[in-house]
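To start, the structure itself, in structure tokens.
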Amino acid sequence: MNNRIIIVGGGPLGVDLARGLEGKADVTLIEKNSHYVHIPAMIRAVIDPSILDRSLIPYDNALKHGKVVHGYGVKVDGEGLELADGSRINGDYIVVATGSSYATPFKAKGEEGIDGLRTANKKVHESVLAAKTIAIVGAGAVGTELAGEIASAIPDKKIVLISNQNSLFPDLPEKFGRSLLGKLKAMGVEVVLGQSAENLSSLDTPYAGTLTLSDGQRIEADLIFPAIGARANSELLATLPDVEIGRANRAKVDAWLRPSSKLSNVFAAGDVSENGDLMTIVALAKQVPWLKNVFLNVINGKSIESMKPYVPWKKNPPIAVPLGPKKGNTYIFMTLGNWATSMMKGKDLVLSNRNKKMGRDLSI
């Protein structure tokens, strides 16, 4: 029975898939960092560093039956994974779930790891406190949420949120973005729509400077946050034969989430996979159970191609955008407001649930 499954990347997809398969398969989770980074809490952690320790969760108790190996994968083949230290782990199936990178300080970066993330968090937090005017370039989920978090916690700051779109969240029903816009304005946030920043000095690190917008407007800011989207960490997948890297550095996959026609036992999932889903944590709600079902059936002798292909989220997948602990909007087939958003995400940022899943007791 072929049941050795290697999962590369200990983000939410990698951890949840490993937990779903352990005990039923021989699972090895490969993760370069010492701690799991709970992304939904990292925006607020910039404003409130006291939640950082709960947002960075050790992998010590993440799996009960599987194995966590701390290392950096450099090459995948049909028989397993080679690590940067020269060691090798063999497996029957390999899932690459290496996630994506975002501007500091929301995700751990390369060799800087968790210590570098803590340092960046401290530095940016101090910059936020010192700044009088803060500009945020990009009004997607991260930029909008960041503006709301700062305005909620430190209302005396001048915050300018800049979007090159003519409305907030234009791909969702109009009510969702219109309502968020009204709430942001009521919180004192200046929202500039339909304008691009022409001279961003950095795409991955907050800095001080003067922004020039496409209409010629100039905005002097003590702190400028680039929040213009994530890029997939697809370097490992790029080593595979006939892999095609598409938008945002994501690897294109077939109907069964496989990036290489030469290696039918290698899968790509989550942010690193261009599979029709957006790069959001919501996508995992479909991908994890689908992958789990595939592997359990394969272990029992079925072929991958005999199973139904993966079907991505259709238009308007669920999304929650808190503006601090008590305000915000959620979309789940309809627009929900402050109370629902606070209960589902804003109040606790899903920290208690994620720590419990990772086997960490916050009461100690």
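Chain identifiers are assigned as A, B, and so on, following the order in which chains appear in the structure tokens; residues are numbered from 1 within each chain, and ligands are numbered from 1 in order of appearance.
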Once you count only C-alpha atoms, what closest atom pair and distance in Å to one decimal does each residue of stretch 41-100 of chain A within 10 Å of stretch 132-153 of chain A have, with rows by chain and rising residue number, as a tab-separated table?
residue	atom	partner	partner_atom	distance
A:Met42	CA	A:Leu146	CA	9.8
A:Ile43	CA	A:Leu146	CA	6.0
A:Arg44	CA	A:Glu149	CA	6.2
A:Ala45	CA	A:Glu149	CA	9.6
A:Val46	CA	A:Leu146	CA	8.8
A:Ile47	CA	A:Ile150	CA	6.5
A:Asp48	CA	A:Ala153	CA	8.5
* To do: Go through stretch 22-201 of chain A and collect every residue that DSSP, computed from the backbone, puts in helix (DSSP H, G or I); the answer should be as a PyMOL selection string.
  => chain A and resi 39-47+49-55+110-130+141-153+174-186
Determine which residues of stretch 160-249 of chain A DSSP labels as strand (DSSP E) from the backbone of this structure, then write them out as JSON, numbers by chain. {"A": [160, 161, 162, 190, 191, 192, 207, 208, 209, 210, 211, 212, 218, 219, 220, 221, 222, 223, 224, 225, 226, 231, 232]}
Exercise for the section: Can you work out the spacing between atom CA of A:Ile245 and atom CA of A:Glu274 in Å, to one decimal? Expected result: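 Pair atom CA of A:Ile245 / atom CA of A:Glu274 returns 8.6 Å.
Across the structure, atom CA of A:Ser234 and atom CA of A:Asp77 are spaced 15.0 Å apart.
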Write out as CSV the residues of stretch 171-286 of chain A that have any atom within 9 Å of an atom of stretch 328-346 of chain A, one row each with the nearest atom pair and its distance in Å to one decimal, counting only C-alpha atoms, sorted by chain and then rising number.
residue,atom,partner,partner_atom,distance
A:Leu172,CA,A:Tyr331,CA,8.3
A:Pro173,CA,A:Thr335,CA,8.1
A:Lys175,CA,A:Thr335,CA,7.0
A:Phe176,CA,A:Thr335,CA,5.7
A:Gly177,CA,A:Asn329,CA,8.6
A:Ser179,CA,A:Asn329,CA,7.7
A:Leu180,CA,A:Asn329,CA,6.6
A:Lys183,CA,A:Gly328,CA,7.7
A:Val69: which residues within 8 Å, counting only C-alpha atoms, same-chain residues fewer than 6 positions away excluded, as a ChimeraX atom specification?
/A:28-31
Would you export the selected residues with C-alpha atoms as an mmCIF file, in the first residue's frame, please?
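In the end it all went to part-v9.cif:
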data_model
loop_
_atom_site.group_PDB
_atom_site.id
_atom_site.type_symbol
_atom_site.label_atom_id
_atom_site.label_comp_id
_atom_site.auth_asym_id
_atom_site.auth_seq_id
_atom_site.Cartn_x
_atom_site.Cartn_y
_atom_site.Cartn_z
ATOM 1 C CA THR A 28 5.556 13.916 6.989
ATOM 2 C CA LEU A 29 5.086 17.682 7.170
ATOM 3 C CA ILE A 30 8.072 19.767 6.020
ATOM 4 C CA GLU A 31 8.258 23.314 7.389
#
Contacts of A:Leu211 at 7 Å (only C-alpha atoms; same-chain gap of 3+ positions) as a ChimeraX atom specification: /A:197,199-200,218-220
Since we have the selection now, will you write its residues out, keeping C-alpha atoms, as a PDB file, in the first residue's frame?
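For reference, out-v1.pdb as written:
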ATOM      1  CA  ALA A 197       0.574  55.235  -6.749  1.00  0.00           C
ATOM      2  CA  ASN A 199       6.311  56.031  -7.315  1.00  0.00           C
ATOM      3  CA  LEU A 200       6.247  53.278  -4.690  1.00  0.00           C
ATOM      4  CA  ARG A 218       0.924  64.195  -3.761  1.00  0.00           C
ATOM      5  CA  ILE A 219       0.567  62.626  -0.328  1.00  0.00           C
ATOM      6  CA  GLU A 220       3.269  63.060   2.257  1.00  0.00           C
TER       7      GLU A 220
END
I'd like the neighbourhood of stretch 235-240 of chain A as a ChimeraX atom specification, where a residue qualifies if any of its atoms comes within 7 Å (using only C-alpha atoms), though same-chain residues fewer than 3 positions away should be ignored.
/A:73-76,243,260
With N, CA and C atoms kept, could you save the residues just selected as an mmCIF file, in the first residue's frame?
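Output contents, as saved in part-v3.cif:
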data_model
loop_
_atom_site.group_PDB
_atom_site.id
_atom_site.type_symbol
_atom_site.label_atom_id
_atom_site.label_comp_id
_atom_site.auth_asym_id
_atom_site.auth_seq_id
_atom_site.Cartn_x
_atom_site.Cartn_y
_atom_site.Cartn_z
ATOM 1 N N GLY A 73 12.842 22.658 1.517
ATOM 2 C CA GLY A 73 12.863 21.820 0.335
ATOM 3 C C GLY A 73 13.464 22.540 -0.854
ATOM 4 N N VAL A 74 14.355 21.861 -1.579
ATOM 5 C CA VAL A 74 15.002 22.486 -2.736
ATOM 6 C C VAL A 74 14.716 21.759 -4.045
ATOM 7 N N LYS A 75 14.280 20.473 -3.977
ATOM 8 C CA LYS A 75 14.019 19.750 -5.210
ATOM 9 C C LYS A 75 13.031 18.625 -4.961
ATOM 10 N N VAL A 76 12.032 18.557 -5.830
ATOM 11 C CA VAL A 76 11.033 17.488 -5.778
ATOM 12 C C VAL A 76 11.209 16.597 -7.000
ATOM 13 N N VAL A 243 6.645 22.537 -15.886
ATOM 14 C CA VAL A 243 5.787 23.382 -15.053
ATOM 15 C C VAL A 243 5.659 24.764 -15.689
ATOM 16 N N SER A 260 2.745 19.124 -12.916
ATOM 17 C CA SER A 260 3.631 18.534 -13.915
ATOM 18 C C SER A 260 2.994 17.288 -14.526
#
Nearest candidate to A:Ala62 (options A:Arg250, A:Lys357, A:Lys32, A:Lys262; using only C-alpha atoms):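 The closest residue to A:Ala62 is A:Lys357.
Contact shell of A:Pro206 at 12 Å (only C-alpha atoms; same-chain neighbours under 5 positions omitted): Val46, Tyr102, Ala103, Thr104, Pro105, Phe106, Ala120, Asn121, Lys123, Val124, His125, Glu126, Ser127, Val128, Ala131, Ile134, Ala135, Ile136, Val137, Leu200, Ser201, Ala221, Asp222, Leu223, Ile224, Phe225, Pro226 and Ala227 of chain A.
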Please produce a file of the residues just selected, as a tab-separated table (two decimals), in the first residue's frame, where the atoms kept are N, CA and C atoms.
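Once everything was written out, this is result15.tsv:
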chain	number	residue	atom	x	y	z
A	46	VAL	N	0.30	44.21	14.34
A	46	VAL	CA	1.07	45.43	14.09
A	46	VAL	C	0.63	46.54	15.04
A	102	TYR	N	4.21	38.18	1.42
A	102	TYR	CA	3.51	39.45	1.46
A	102	TYR	C	4.44	40.49	2.08
A	103	ALA	N	4.05	41.72	1.97
A	103	ALA	CA	4.88	42.80	2.52
A	103	ALA	C	5.06	42.63	4.02
A	104	THR	N	6.20	43.09	4.52
A	104	THR	CA	6.50	43.09	5.94
A	104	THR	C	5.42	43.89	6.68
A	105	PRO	N	5.02	43.46	7.87
A	105	PRO	CA	5.50	42.34	8.66
A	105	PRO	C	4.41	41.27	8.84
A	106	PHE	N	3.75	40.88	7.77
A	106	PHE	CA	2.59	40.00	7.89
A	106	PHE	C	2.92	38.52	7.73
A	120	ALA	N	10.58	42.60	12.81
A	120	ALA	CA	9.86	43.47	11.88
A	120	ALA	C	8.57	43.99	12.51
A	121	ASN	N	7.88	43.13	13.24
A	121	ASN	CA	6.66	43.54	13.91
A	121	ASN	C	6.93	44.68	14.89
A	123	LYS	N	9.45	46.81	14.91
A	123	LYS	CA	9.87	48.02	14.20
A	123	LYS	C	8.68	48.74	13.58
A	124	VAL	N	7.80	47.99	12.92
A	124	VAL	CA	6.66	48.61	12.27
A	124	VAL	C	5.66	49.15	13.30
A	125	HIS	N	5.48	48.43	14.39
A	125	HIS	CA	4.60	48.92	15.46
A	125	HIS	C	5.09	50.26	15.98
A	126	GLU	N	6.37	50.39	16.21
A	126	GLU	CA	6.93	51.66	16.69
A	126	GLU	C	6.75	52.76	15.65
A	127	SER	N	6.87	52.40	14.36
A	127	SER	CA	6.68	53.39	13.30
A	127	SER	C	5.24	53.86	13.23
A	128	VAL	N	4.29	52.93	13.46
A	128	VAL	CA	2.87	53.30	13.47
A	128	VAL	C	2.59	54.28	14.60
A	131	ALA	N	4.04	57.76	13.73
A	131	ALA	CA	3.54	58.42	12.53
A	131	ALA	C	2.31	59.27	12.82
A	134	ILE	N	-0.49	58.11	7.86
A	134	ILE	CA	-0.20	56.77	7.37
A	134	ILE	C	-0.95	56.56	6.07
A	135	ALA	N	-0.23	56.20	5.01
A	135	ALA	CA	-0.84	55.90	3.72
A	135	ALA	C	-0.76	54.40	3.47
A	136	ILE	N	-1.84	53.84	2.98
A	136	ILE	CA	-1.90	52.41	2.65
A	136	ILE	C	-2.24	52.29	1.18
A	137	VAL	N	-1.33	51.70	0.41
A	137	VAL	CA	-1.53	51.58	-1.03
A	137	VAL	C	-2.04	50.17	-1.33
A	200	LEU	N	5.97	54.09	-5.89
A	200	LEU	CA	6.25	53.28	-4.69
A	200	LEU	C	7.73	52.93	-4.63
A	201	SER	N	8.37	53.32	-3.54
A	201	SER	CA	9.80	53.05	-3.39
A	201	SER	C	10.08	51.62	-2.95
A	221	ALA	N	3.60	61.16	3.70
A	221	ALA	CA	3.22	60.23	4.78
A	221	ALA	C	4.44	59.86	5.60
A	222	ASP	N	4.22	59.79	6.91
A	222	ASP	CA	5.29	59.33	7.80
A	222	ASP	C	5.50	57.82	7.67
A	223	LEU	N	4.46	57.14	7.17
A	223	LEU	CA	4.56	55.69	6.99
A	223	LEU	C	3.67	55.29	5.82
A	224	ILE	N	4.27	54.60	4.85
A	224	ILE	CA	3.54	54.11	3.68
A	224	ILE	C	3.57	52.58	3.69
A	225	PHE	N	2.40	51.97	3.72
A	225	PHE	CA	2.30	50.51	3.66
A	225	PHE	C	1.99	50.08	2.22
A	226	PRO	N	2.86	49.30	1.57
A	226	PRO	CA	2.47	48.69	0.31
A	226	PRO	C	1.62	47.45	0.58
A	227	ALA	N	0.39	47.45	0.12
A	227	ALA	CA	-0.51	46.31	0.35
A	227	ALA	C	-1.14	45.92	-0.99
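Nearest-residue note for A:Pro155: choosing from A:Leu181, A:Met279, A:Ala186, A:Ala97, the minimum distance belongs to A:Ala186, counting only C-alpha atoms.
Among the candidates A:Asn233, A:Ser261, A:Ser167, A:Asn355, the one nearest to A:Asp53 when counting only C-alpha atoms is A:Asn355.
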From the list A:Ser101, A:Leu284, A:Leu257, A:Val160, the nearest residue to A:Asp204 using only C-alpha atoms is A:Ser101
So how many Å separate atom CA of A:Leu13 and atom CA of A:Gly229, to one decimal?
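Distance reported for this atom pair: 19.2 Å.
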